[in-house]
$ cat my_file-v2.txt   # compact mmCIF, C-alpha atoms and all ligand atoms
# COMPACT_ATOMS: atom_id res chain seq x y z
CA MET A 1 -175.51 9.94 -24.21
CA SER A 2 -175.18 6.74 -26.18
CA LEU A 3 -173.33 5.12 -29.04
CA THR A 4 -174.90 2.39 -31.12
CA ASP A 5 -172.77 0.21 -33.37
CA ALA A 6 -170.29 3.07 -33.88
CA HIS A 7 -167.38 2.52 -36.26
CA VAL A 8 -164.44 4.74 -37.17
CA VAL A 9 -162.28 3.76 -40.12
CA HIS A 10 -159.31 5.91 -41.17
CA LYS A 11 -157.05 5.79 -44.17
CA ALA A 12 -153.73 4.46 -42.91
CA ARG A 13 -150.74 6.82 -42.94
CA SER A 14 -147.07 6.11 -43.07
CA GLY A 15 -144.61 8.98 -42.59
CA GLY A 16 -147.47 11.45 -43.20
CA VAL A 17 -148.40 9.77 -46.51
CA LEU A 18 -151.88 8.28 -46.93
CA LYS A 19 -151.92 4.57 -47.78
CA ARG A 20 -154.51 2.33 -49.39
CA ASP A 21 -154.98 0.36 -46.18
CA ARG A 22 -157.75 1.17 -43.75
CA VAL A 23 -157.25 1.53 -39.99
CA TYR A 24 -160.15 0.11 -37.98
CA ALA A 25 -159.88 2.53 -35.06
CA LEU A 26 -163.32 1.78 -33.58
CA THR A 27 -165.54 -1.19 -34.43
CA GLY A 28 -169.14 -1.81 -33.38
CA ALA A 29 -169.06 0.26 -30.19
CA ASP A 30 -172.26 0.22 -28.13
CA LEU A 31 -172.12 2.33 -25.00
CA THR A 32 -174.51 4.33 -22.85
CA ILE A 33 -173.26 6.84 -20.29
CA ALA A 34 -175.74 7.55 -17.50
CA PRO A 35 -176.02 11.03 -15.96
CA GLY A 36 -173.52 11.49 -13.16
CA GLU A 37 -171.65 8.27 -13.93
CA THR A 38 -167.84 7.95 -14.19
CA VAL A 39 -166.72 5.55 -16.88
CA GLY A 40 -163.05 4.63 -17.20
CA VAL A 41 -161.58 3.46 -20.50
CA VAL A 42 -158.52 1.20 -20.51
CA GLY A 43 -156.53 -0.70 -23.11
CA GLU A 44 -153.11 -0.78 -24.71
CA SER A 45 -151.81 2.06 -26.85
CA GLY A 46 -153.62 2.30 -30.19
CA CYS A 47 -156.68 0.28 -29.12
CA GLY A 48 -159.07 3.15 -29.88
CA LYS A 49 -159.52 4.88 -26.50
CA SER A 50 -159.08 8.42 -27.85
CA THR A 51 -161.21 7.62 -30.88
CA LEU A 52 -164.03 6.46 -28.61
CA ALA A 53 -163.60 9.62 -26.50
CA LYS A 54 -163.74 11.90 -29.54
CA VAL A 55 -166.82 10.16 -30.92
CA LEU A 56 -168.56 10.55 -27.55
CA VAL A 57 -168.07 14.32 -27.45
CA GLY A 58 -168.92 14.82 -31.11
CA VAL A 59 -165.40 15.85 -32.17
CA GLN A 60 -165.08 12.81 -34.44
CA ARG A 61 -167.90 11.77 -36.74
CA PRO A 62 -168.28 7.98 -36.82
CA THR A 63 -167.94 6.32 -40.22
CA ALA A 64 -171.07 4.33 -39.35
CA GLY A 65 -173.40 4.01 -36.37
CA THR A 66 -175.26 6.46 -34.17
CA VAL A 67 -174.28 8.97 -31.49
CA ALA A 68 -177.32 10.11 -29.54
CA PHE A 69 -177.54 13.12 -27.22
CA ARG A 70 -180.66 13.09 -25.08
CA GLY A 71 -182.20 10.56 -27.46
CA ARG A 72 -181.46 12.53 -30.66
CA ASP A 73 -179.01 11.44 -33.33
CA LEU A 74 -176.23 14.02 -33.28
CA TRP A 75 -175.16 13.53 -36.87
CA THR A 76 -178.62 13.93 -38.40
CA MET A 77 -179.08 17.33 -36.71
CA LYS A 78 -178.64 20.49 -38.78
CA PRO A 79 -175.01 21.73 -38.49
CA ALA A 80 -175.88 24.78 -36.35
CA GLU A 81 -177.99 22.67 -34.01
CA ARG A 82 -175.24 20.05 -33.80
CA ARG A 83 -172.59 22.65 -32.98
CA ALA A 84 -174.83 24.05 -30.25
CA ALA A 85 -175.49 20.56 -28.86
CA ILE A 86 -171.81 19.62 -28.87
CA GLY A 87 -170.75 22.97 -27.42
CA THR A 88 -173.20 22.95 -24.55
CA HIS A 89 -173.68 19.29 -23.59
CA THR A 90 -170.14 17.94 -23.87
CA ALA A 91 -166.60 19.05 -23.19
CA MET A 92 -163.20 17.47 -23.51
CA ILE A 93 -160.09 17.85 -21.38
CA PHE A 94 -156.91 16.93 -23.19
CA GLN A 95 -153.64 15.43 -22.08
CA ASP A 96 -151.42 18.45 -22.48
CA PRO A 97 -152.82 21.80 -21.30
CA SER A 98 -149.78 23.58 -22.81
CA THR A 99 -151.00 22.81 -26.32
CA ALA A 100 -154.75 22.83 -25.55
CA LEU A 101 -154.76 26.50 -24.42
CA ASN A 102 -154.20 29.50 -26.68
CA ARG A 103 -150.90 30.92 -25.49
CA ARG A 104 -151.76 34.48 -26.52
CA LEU A 105 -154.97 34.72 -24.45
CA THR A 106 -155.17 35.50 -20.75
CA VAL A 107 -156.93 33.12 -18.38
CA ARG A 108 -159.91 35.51 -18.30
CA GLN A 109 -160.12 35.56 -22.12
CA ILE A 110 -159.79 31.77 -22.35
CA LEU A 111 -162.67 31.28 -19.92
CA ARG A 112 -164.85 33.97 -21.50
CA ASP A 113 -164.43 32.62 -25.01
CA PRO A 114 -167.04 29.79 -24.84
CA LEU A 115 -169.46 32.14 -23.03
CA ASP A 116 -169.06 34.73 -25.79
CA VAL A 117 -169.34 32.18 -28.61
CA HIS A 118 -172.56 30.73 -27.15
CA ARG A 119 -173.82 34.18 -26.00
CA ARG A 120 -174.34 33.17 -22.39
CA GLY A 121 -175.79 36.06 -20.36
CA SER A 122 -174.82 39.74 -20.35
CA PRO A 123 -171.16 40.88 -20.41
CA ALA A 124 -171.35 41.46 -16.64
CA GLN A 125 -172.77 37.96 -16.08
CA ARG A 126 -169.98 36.48 -18.18
CA GLU A 127 -167.37 38.25 -16.06
CA GLU A 128 -169.06 36.90 -12.97
CA ARG A 129 -169.08 33.40 -14.48
CA VAL A 130 -165.32 33.67 -15.17
CA ARG A 131 -164.73 34.50 -11.48
CA GLU A 132 -167.00 31.62 -10.45
CA LEU A 133 -165.15 29.16 -12.72
CA MET A 134 -161.75 30.21 -11.37
CA SER A 135 -162.93 29.69 -7.83
CA LEU A 136 -164.54 26.33 -8.74
CA VAL A 137 -161.21 24.92 -9.91
CA GLY A 138 -159.15 26.59 -7.16
CA LEU A 139 -157.37 29.23 -9.25
CA PRO A 140 -156.48 32.44 -7.36
CA LYS A 141 -158.12 35.62 -8.77
CA VAL A 142 -154.72 37.21 -9.39
CA LEU A 143 -154.12 34.74 -12.21
CA ALA A 144 -157.02 36.10 -14.29
CA ASP A 145 -154.69 38.31 -16.33
CA GLY A 146 -151.92 35.73 -16.59
CA LEU A 147 -150.98 33.97 -19.81
CA PRO A 148 -150.76 30.15 -19.96
CA GLY A 149 -146.97 30.39 -20.25
CA GLN A 150 -146.82 32.12 -16.85
CA LEU A 151 -148.69 29.30 -15.08
CA SER A 152 -147.51 25.96 -13.72
CA GLY A 153 -148.60 22.75 -15.47
CA GLY A 154 -151.18 22.05 -12.76
CA GLN A 155 -152.60 25.59 -12.99
CA ARG A 156 -152.84 25.28 -16.78
CA GLN A 157 -154.80 22.04 -16.43
CA ARG A 158 -157.10 23.80 -13.93
CA VAL A 159 -157.74 26.49 -16.58
CA ALA A 160 -158.49 23.77 -19.15
CA ILE A 161 -160.92 22.13 -16.70
CA ALA A 162 -162.60 25.47 -15.94
CA ARG A 163 -162.99 26.14 -19.64
CA ALA A 164 -164.51 22.68 -20.15
CA LEU A 165 -167.06 23.46 -17.42
CA ALA A 166 -167.93 26.97 -18.66
CA LEU A 167 -171.18 25.99 -20.40
CA GLU A 168 -172.26 23.49 -17.73
CA PRO A 169 -171.92 20.33 -19.85
CA ASP A 170 -173.64 17.05 -18.96
CA LEU A 171 -170.65 14.99 -20.06
CA VAL A 172 -166.93 15.69 -19.70
CA VAL A 173 -164.41 13.42 -21.37
CA ALA A 174 -160.90 13.59 -19.91
CA ASP A 175 -158.31 11.98 -22.20
CA GLU A 176 -155.17 11.25 -20.16
CA PRO A 177 -155.71 14.48 -18.15
CA THR A 178 -152.69 14.01 -15.90
CA SER A 179 -150.11 12.23 -18.00
CA ALA A 180 -148.34 15.46 -19.04
CA LEU A 181 -148.20 16.74 -15.45
CA ASP A 182 -145.63 16.37 -12.69
CA VAL A 183 -146.31 13.37 -10.50
CA SER A 184 -146.68 15.74 -7.54
CA VAL A 185 -149.75 17.49 -8.97
CA ARG A 186 -151.46 14.50 -10.60
CA ALA A 187 -153.38 13.51 -7.47
CA GLN A 188 -154.59 17.10 -6.99
CA ILE A 189 -156.02 17.24 -10.51
CA LEU A 190 -157.66 13.81 -10.17
CA ASN A 191 -159.21 14.83 -6.84
CA LEU A 192 -160.40 18.07 -8.38
CA LEU A 193 -162.10 16.17 -11.21
CA LEU A 194 -163.81 13.82 -8.77
CA ASP A 195 -164.89 16.68 -6.54
CA LEU A 196 -166.33 18.66 -9.47
CA LYS A 197 -168.10 15.61 -10.80
CA GLU A 198 -169.84 15.13 -7.42
CA ARG A 199 -170.68 18.80 -6.95
CA LEU A 200 -171.95 19.40 -10.48
CA GLY A 201 -173.49 15.97 -11.16
CA LEU A 202 -171.39 15.54 -14.31
CA ALA A 203 -170.98 12.33 -16.24
CA LEU A 204 -167.24 11.78 -16.63
CA VAL A 205 -165.42 9.56 -19.09
CA PHE A 206 -161.85 9.07 -17.99
CA VAL A 207 -159.30 7.66 -20.43
CA SER A 208 -155.93 6.65 -19.05
CA HIS A 209 -153.01 4.28 -19.33
CA ASP A 210 -152.89 4.30 -15.55
CA ILE A 211 -155.45 1.59 -15.08
CA GLN A 212 -155.27 1.42 -11.30
CA THR A 213 -156.25 5.10 -11.19
CA VAL A 214 -159.04 4.43 -13.67
CA ARG A 215 -160.32 1.66 -11.44
CA ARG A 216 -160.26 3.87 -8.36
CA MET A 217 -161.94 6.84 -10.07
CA SER A 218 -164.66 5.02 -12.00
CA ASP A 219 -168.05 3.45 -11.40
CA ARG A 220 -167.65 1.34 -14.52
CA VAL A 221 -164.59 0.30 -16.55
CA ILE A 222 -164.58 -0.27 -20.30
CA THR A 223 -161.82 -2.49 -21.67
CA MET A 224 -160.88 -1.96 -25.31
CA TYR A 225 -158.83 -4.17 -27.57
CA LEU A 226 -158.03 -3.44 -31.22
CA GLY A 227 -160.90 -0.99 -31.69
CA ARG A 228 -163.50 -3.09 -29.87
CA ILE A 229 -165.12 -2.76 -26.48
CA VAL A 230 -164.51 -6.28 -25.15
CA GLU A 231 -165.79 -5.83 -21.59
CA GLU A 232 -167.77 -3.41 -19.44
CA SER A 233 -167.48 -4.10 -15.76
CA PRO A 234 -168.40 -2.44 -12.45
CA ALA A 235 -165.10 -0.97 -11.21
CA ASP A 236 -165.06 -3.09 -8.07
CA GLU A 237 -165.19 -6.30 -10.15
CA VAL A 238 -162.66 -5.46 -12.81
CA LEU A 239 -159.56 -6.54 -10.95
CA ASP A 240 -160.60 -9.94 -9.59
CA ALA A 241 -163.82 -10.91 -11.31
CA ALA A 242 -163.42 -9.74 -14.93
CA ARG A 243 -164.67 -12.38 -17.37
CA HIS A 244 -162.67 -11.43 -20.46
CA PRO A 245 -159.17 -12.97 -20.53
CA TYR A 246 -157.75 -9.71 -21.89
CA THR A 247 -159.11 -7.61 -19.00
CA ARG A 248 -157.57 -10.06 -16.53
CA ALA A 249 -154.24 -9.94 -18.37
CA LEU A 250 -154.24 -6.14 -18.56
CA PHE A 251 -154.94 -5.69 -14.85
CA SER A 252 -152.53 -8.43 -13.83
CA ALA A 253 -149.72 -6.48 -15.50
CA THR A 254 -150.23 -3.20 -13.64
CA PRO A 255 -147.95 -1.93 -10.93
CA GLY A 256 -149.40 -0.84 -7.60
CA LEU A 257 -151.47 -3.92 -6.75
CA LEU A 258 -151.85 -4.57 -3.04
CA ALA A 259 -150.86 -8.19 -3.60
CA PRO A 260 -148.66 -8.13 -6.71
CA ILE A 261 -148.75 -11.20 -8.96
CA ASP A 262 -146.81 -12.20 -12.04
CA PRO A 263 -148.51 -10.79 -15.12
CA ILE A 264 -150.55 -13.25 -17.22
CA PRO A 265 -148.23 -14.03 -20.15
CA LEU A 266 -149.65 -13.15 -23.58
CA VAL A 267 -148.21 -14.36 -26.85
CA GLY A 268 -146.89 -11.94 -29.46
CA PRO A 269 -147.66 -8.33 -30.26
CA VAL A 270 -151.02 -6.63 -30.74
CA PRO A 271 -152.03 -7.27 -34.38
CA SER A 272 -152.19 -4.32 -36.76
CA ALA A 273 -155.38 -2.25 -36.69
CA THR A 274 -155.25 -2.36 -40.50
CA ARG A 275 -155.74 -6.14 -40.50
CA PRO A 276 -157.55 -7.21 -37.38
CA PRO A 277 -157.86 -10.99 -36.99
CA SER A 278 -161.09 -12.70 -37.97
CA GLY A 279 -163.50 -13.59 -35.17
CA CYS A 280 -162.40 -12.45 -31.74
CA PRO A 281 -159.69 -9.76 -32.07
CA PHE A 282 -157.84 -11.05 -29.00
CA ARG A 283 -157.65 -14.69 -30.11
CA THR A 284 -154.12 -14.41 -31.55
CA ARG A 285 -152.72 -13.71 -28.06
CA CYS A 286 -155.22 -15.53 -25.88
CA TRP A 287 -154.32 -18.76 -24.07
CA LYS A 288 -157.93 -19.91 -24.27
CA ALA A 289 -158.40 -19.39 -28.03
CA ASP A 290 -159.56 -22.18 -30.35
CA ASP A 291 -161.19 -22.54 -33.77
CA VAL A 292 -164.49 -21.17 -32.51
CA CYS A 293 -162.74 -17.89 -31.66
CA ALA A 294 -161.31 -17.65 -35.18
CA GLY A 295 -164.74 -18.23 -36.71
CA THR A 296 -167.00 -15.59 -35.24
CA MET A 297 -166.90 -12.46 -33.12
CA PRO A 298 -168.48 -13.43 -29.79
CA GLY A 299 -171.84 -11.88 -29.01
CA LEU A 300 -172.36 -9.75 -25.94
CA ALA A 301 -172.84 -11.88 -22.82
CA GLU A 302 -174.22 -10.63 -19.50
CA SER A 303 -172.59 -11.57 -16.22
CA THR A 304 -174.76 -12.21 -13.17
CA THR A 305 -173.89 -8.70 -11.90
CA ALA A 306 -175.84 -5.80 -13.37
CA GLY A 307 -173.77 -3.71 -15.77
CA HIS A 308 -171.17 -6.42 -16.37
CA ARG A 309 -171.01 -7.48 -20.03
CA TYR A 310 -168.28 -9.06 -22.12
CA ARG A 311 -167.56 -10.52 -25.55
CA CYS A 312 -165.78 -13.84 -25.24
CA HIS A 313 -166.43 -17.41 -26.40
CA HIS A 314 -164.49 -18.85 -23.46
CA PRO A 315 -164.84 -16.40 -20.58
CA VAL A 316 -162.86 -16.75 -17.41
CA ASP A 317 -164.85 -18.03 -14.45
CA GLY A 318 -165.56 -14.93 -12.36
CA ALA A 319 -164.52 -16.79 -9.21
CA GLN A 320 -161.18 -17.95 -10.64
CA SER A 321 -158.21 -16.09 -9.20
CA THR A 322 -155.92 -14.18 -11.53
CA HIS A 323 -153.06 -16.06 -9.89
CA ASP A 324 -154.54 -19.34 -11.27
CA LEU A 325 -154.85 -17.80 -14.70
CA VAL A 326 -151.16 -16.92 -14.73
CA HIS A 327 -150.35 -20.64 -14.39
CA GLN A 328 -153.02 -21.67 -16.87
CA ALA A 329 -151.77 -19.22 -19.51
CA ALA A 330 -148.12 -20.15 -18.94
CA ALA A 331 -148.93 -23.86 -19.32
CA THR A 332 -150.84 -23.44 -22.59
CA ALA A 333 -149.10 -23.83 -25.94
CA ALA A 334 -148.93 -20.85 -28.33
CA PRO A 335 -152.43 -19.98 -29.49
CA VAL A 336 -153.67 -19.62 -33.07
CA THR A 337 -151.53 -17.17 -35.06
CA THR A 338 -152.81 -14.41 -37.34
CA GLU A 339 -153.63 -15.49 -40.91
CA ASP A 340 -150.99 -13.08 -42.13
CA PRO A 341 -147.84 -12.93 -40.01
CA ALA A 342 -146.94 -9.63 -41.65
CA ALA A 343 -150.06 -8.18 -40.03
CA ALA A 344 -148.65 -8.76 -36.59
CA THR A 345 -146.85 -5.44 -36.43
CA ALA A 346 -147.26 -2.95 -33.64
CA VAL A 347 -150.38 -0.81 -33.95
CA LYS A 348 -148.34 2.33 -33.45
CA GLU A 349 -146.73 1.86 -36.86
CA THR A 350 -149.96 2.79 -38.61
CA ARG A 351 -149.95 6.30 -37.18
N1 LIG B 401 -156.31 10.42 -38.11
C1 LIG B 401 -155.90 9.15 -38.14
N2 LIG B 401 -155.47 8.60 -39.29
C2 LIG B 401 -155.07 7.31 -39.36
N3 LIG B 401 -155.05 6.48 -38.29
C3 LIG B 401 -155.46 6.98 -37.10
C4 LIG B 401 -155.89 8.33 -36.96
N4 LIG B 401 -156.24 8.54 -35.66
C5 LIG B 401 -156.04 7.36 -35.02
N5 LIG B 401 -155.56 6.43 -35.88
C6 LIG B 401 -155.25 5.03 -35.59
O1 LIG B 401 -156.42 4.49 -34.99
C7 LIG B 401 -156.06 3.55 -33.98
C8 LIG B 401 -156.69 3.99 -32.67
O2 LIG B 401 -156.07 5.21 -32.26
P1 LIG B 401 -156.40 5.92 -30.86
O3 LIG B 401 -155.60 7.19 -30.81
O4 LIG B 401 -157.87 6.03 -30.71
O5 LIG B 401 -155.82 4.87 -29.82
P2 LIG B 401 -155.49 5.05 -28.27
O6 LIG B 401 -155.91 3.80 -27.60
O7 LIG B 401 -156.09 6.32 -27.78
O8 LIG B 401 -153.93 5.15 -28.27
P3 LIG B 401 -152.96 5.90 -27.21
O9 LIG B 401 -153.22 5.25 -25.90
O10 LIG B 401 -151.59 5.63 -27.75
O11 LIG B 401 -153.34 7.36 -27.24
C9 LIG B 401 -154.55 3.50 -33.96
O12 LIG B 401 -154.13 2.45 -34.79
C10 LIG B 401 -154.15 4.84 -34.56
O13 LIG B 401 -152.88 4.74 -35.17
$ encode --input "my_file-v2.txt" --output "structure tokens" --more "lines below"
Ligand SMILES: Nc1ncnc2c1ncn2[C@@H]1O[C@H](COP(=O)(O)OP(=O)(O)OP(=O)(O)O)[C@@H](O)[C@H]1O
Amino acid sequence: MSLTDAHVVHKARSGGVLKRDRVYALTGADLTIAPGETVGVVGESGCGKSTLAKVLVGVQRPTAGTVAFRGRDLWTMKPAERRAAIGTHTAMIFQDPSTALNRRLTVRQILRDPLDVHRRGSPAQREERVRELMSLVGLPKVLADGLPGQLSGGQRQRVAIARALALEPDLVVADEPTSALDVSVRAQILNLLLDLKERLGLALVFVSHDIQTVRRMSDRVITMYLGRIVEESPADEVLDAARHPYTRALFSATPGLLAPIDPIPLVGPVPSATRPPSGCPFRTRCWKADDVCAGTMPGLAESTTAGHRYRCHHPVDGAQSTHDLVHQAAATAAPVTTEDPAAATAVKETR
């Protein structure tokens, strides 16, 4: 599964009304997901995490660029072939199982539906597969005739996971799979996902605001900023050895660190996704930014560690402690501002 120079541009909306402006939700994304790999996606609200997730599973067609499944361009396939490829190779688990499941269908019907649509096996084999799926996700048999409304939040998310696994996909994308659940069941669902991934050899893309959990769950972490992938890092390097100043700032600001530090101070809000800054998108908030950063988007640089790549003109030294960076950032004067101060509104406003 890979994306090459994928872009998604929307028409901006305000109060449900379409505007002339364009929202640059995803810009120039290059990403390859290896079989069996877990990739975490982090970044502030509105940076394009869900857009990236939807493009990866074929739910969202990119405005430009390529999405390849097993080496074939998804969006040049014939529609029936594309639907079959999307339906069988990928699956998505959404944030809120209450809205993702049809409330009028029983658990059995929900789990049979993808098997019926893709004509998997005989009716008896489909019934057997439903039983197998329920056991795989730890749902008691007695719940087969229950409706989603009769289940707990955790049980509903188990049904959503079972449904996602029905056709044995290669890639599962989980977009904030626990954020709508009670804190008490979050760990159970995360452990279930990890366990299933190991047992079934799935590739898993895990999108979350909870970046410490992302770090713990993932082999590789993708940092996004204003529609761009700015760093890809092995999960064990992302906290202390990230090279992009934004990744360091993001991780410095998370609760739950073993040795908490003050967050790296950033200047101002995230610029609007309708008018991203020229050059590096992070330069308007970065303590290291200069004229070079305003001039061109940095190319992709490789760190000495395999699988660690970043886009920055002035990367952080991998050996420099985040604690040092806090002082460095605090001591630096305000960086370059956006060309248009009116553009510096919160990204959320464009929704
Ligand atoms: N259908 C749409 N029409 C217009 N703008 C959109 C649409 N979908 C997303 N956007 C905008 O695209 C940008 C990226 O949105 P996206 O949902 O991918 O971000 P996100 O990082 O997943 O955010 P969050 O963490 O809040 O879910 C945002 O500015 C968002 O407002």
$ residues_around --input "my_file-v2.txt" --residues "Ile222 (chain A)" --least-positions-apart "5" --cutoff "7 Å" --atoms "all atoms listed in the file" --output "PDB file with C-alpha atoms, keeping the file's coordinate frame"
ATOM      1  CA  GLY A  40    -163.050   4.630 -17.200  1.00  0.00           C
ATOM      2  CA  VAL A  41    -161.580   3.460 -20.500  1.00  0.00           C
ATOM      3  CA  VAL A  42    -158.520   1.200 -20.510  1.00  0.00           C
ATOM      4  CA  ILE A 229    -165.120  -2.760 -26.480  1.00  0.00           C
ATOM      5  CA  GLU A 231    -165.790  -5.830 -21.590  1.00  0.00           C
ATOM      6  CA  GLU A 232    -167.770  -3.410 -19.440  1.00  0.00           C
ATOM      7  CA  SER A 233    -167.480  -4.100 -15.760  1.00  0.00           C
TER       8      SER A 233
END
$ residues_near_ligand --input "my_file-v2.txt" --ligand "ligand LIG 401 (chain B)" --cutoff "10 Å" --atoms "all atoms listed in the file" --output "PyMOL selection string"
chain A and resi 8-14+16+18-19+21-26+41-55+60+95+175-176+207-209+224-227+271-274+346-351
$ residues_around --input "my_file-v2.txt" --residues "region 303-308 of chain A" --least-positions-apart "5" --cutoff "12 Å" --atoms "all atoms listed in the file" --output "list in words"
Leu31, Thr32, Ile33, Ala34, Val39, Asp219, Arg220, Val221, Ile222, Thr223, Val230, Glu231, Glu232, Ser233, Pro234, Ala235, Asp236, Glu237, Val238, Ala241, Ala242, Arg243, His244, Pro315, Val316, Asp317, Gly318 and Ala319 of chain A
$ write_last_selection --input "my_file-v2.txt" --atoms "C-alpha atoms" --output "PDB file, in the frame of the given file"
ATOM      1  CA  LEU A  31    -172.120   2.330 -25.000  1.00  0.00           C
ATOM      2  CA  THR A  32    -174.510   4.330 -22.850  1.00  0.00           C
ATOM      3  CA  ILE A  33    -173.260   6.840 -20.290  1.00  0.00           C
ATOM      4  CA  ALA A  34    -175.740   7.550 -17.500  1.00  0.00           C
ATOM      5  CA  VAL A  39    -166.720   5.550 -16.880  1.00  0.00           C
ATOM      6  CA  ASP A 219    -168.050   3.450 -11.400  1.00  0.00           C
ATOM      7  CA  ARG A 220    -167.650   1.340 -14.520  1.00  0.00           C
ATOM      8  CA  VAL A 221    -164.590   0.300 -16.550  1.00  0.00           C
ATOM      9  CA  ILE A 222    -164.580  -0.270 -20.300  1.00  0.00           C
ATOM     10  CA  THR A 223    -161.820  -2.490 -21.670  1.00  0.00           C
ATOM     11  CA  VAL A 230    -164.510  -6.280 -25.150  1.00  0.00           C
ATOM     12  CA  GLU A 231    -165.790  -5.830 -21.590  1.00  0.00           C
ATOM     13  CA  GLU A 232    -167.770  -3.410 -19.440  1.00  0.00           C
ATOM     14  CA  SER A 233    -167.480  -4.100 -15.760  1.00  0.00           C
ATOM     15  CA  PRO A 234    -168.400  -2.440 -12.450  1.00  0.00           C
ATOM     16  CA  ALA A 235    -165.100  -0.970 -11.210  1.00  0.00           C
ATOM     17  CA  ASP A 236    -165.060  -3.090  -8.070  1.00  0.00           C
ATOM     18  CA  GLU A 237    -165.190  -6.300 -10.150  1.00  0.00           C
ATOM     19  CA  VAL A 238    -162.660  -5.460 -12.810  1.00  0.00           C
ATOM     20  CA  ALA A 241    -163.820 -10.910 -11.310  1.00  0.00           C
ATOM     21  CA  ALA A 242    -163.420  -9.740 -14.930  1.00  0.00           C
ATOM     22  CA  ARG A 243    -164.670 -12.380 -17.370  1.00  0.00           C
ATOM     23  CA  HIS A 244    -162.670 -11.430 -20.460  1.00  0.00           C
ATOM     24  CA  PRO A 315    -164.840 -16.400 -20.580  1.00  0.00           C
ATOM     25  CA  VAL A 316    -162.860 -16.750 -17.410  1.00  0.00           C
ATOM     26  CA  ASP A 317    -164.850 -18.030 -14.450  1.00  0.00           C
ATOM     27  CA  GLY A 318    -165.560 -14.930 -12.360  1.00  0.00           C
ATOM     28  CA  ALA A 319    -164.520 -16.790  -9.210  1.00  0.00           C
TER      29      ALA A 319
END
$ closest_residue --input "my_file-v2.txt" --among "A:Cys280, A:Leu74, A:Val17, A:Val59" --to "Ala294 (chain A)" --atoms "all atoms listed in the file"
A:Cys280
$ atom_distance --input "my_file-v2.txt" --atom1 "CA of Pro263 (chain A)" --atom2 "CA of Ala330 (chain A)"
10.1 Å
$ atom_distance --input "my_file-v2.txt" --atom1 "CA of Ala68 (chain A)" --atom2 "CA of Thr90 (chain A)"
12.0 Å
$ residues_near_point --input "my_file-v2.txt" --point "(-168.3, -14.4, -38.1)" --cutoff "9 Å" --atoms "all atoms listed in the file" --output "number ranges by chain"
A: 278-280, 294-298
$ residues_around --input "my_file-v2.txt" --residues "His327 (chain A)" --least-positions-apart "6" --cutoff "10 Å" --atoms "all atoms listed in the file" --output "list in words"
Asp262, Ile264 and Pro265 of chain A
$ axis_aligned_box --input "my_file-v2.txt" --around "region 29-43 of chain A" --padding-each-side "5 Å" --output "lines of an AutoDock Vina configuration file"
center_x = -166.3
center_y = 5.4
center_z = -21.7
size_x = 29.5
size_y = 22.2
size_z = 27.0
$ residues_around --input "my_file-v2.txt" --residues "Thr88 (chain A)" --least-positions-apart "5" --cutoff "7 Å" --atoms "all atoms listed in the file" --output "VMD selection string"
chain A and resid 167 to 169
$ residues_around --input "my_file-v2.txt" --residues "Met1 (chain A)" --least-positions-apart "3" --cutoff "12 Å" --atoms "all atoms listed in the file" --output "ChimeraX atom specification"
/A:4,30-37,55-58,66-74,85-86,89-90,169-173,203-205
$ atom_distance --input "my_file-v2.txt" --atom1 "CA of Val185 (chain A)" --atom2 "CA of Arg158 (chain A)"
10.9 Å
$ closest_residue --input "my_file-v2.txt" --among "A:Gln157, A:Asp210, A:Glu81, A:Ala180" --to "Leu193 (chain A)" --atoms "all atoms listed in the file"
A:Gln157
$ closest_residue --input "my_file-v2.txt" --among "A:Ile211, A:Leu133, A:Leu3, A:Val142" --to "Arg61 (chain A)" --atoms "all atoms listed in the file"
A:Leu3
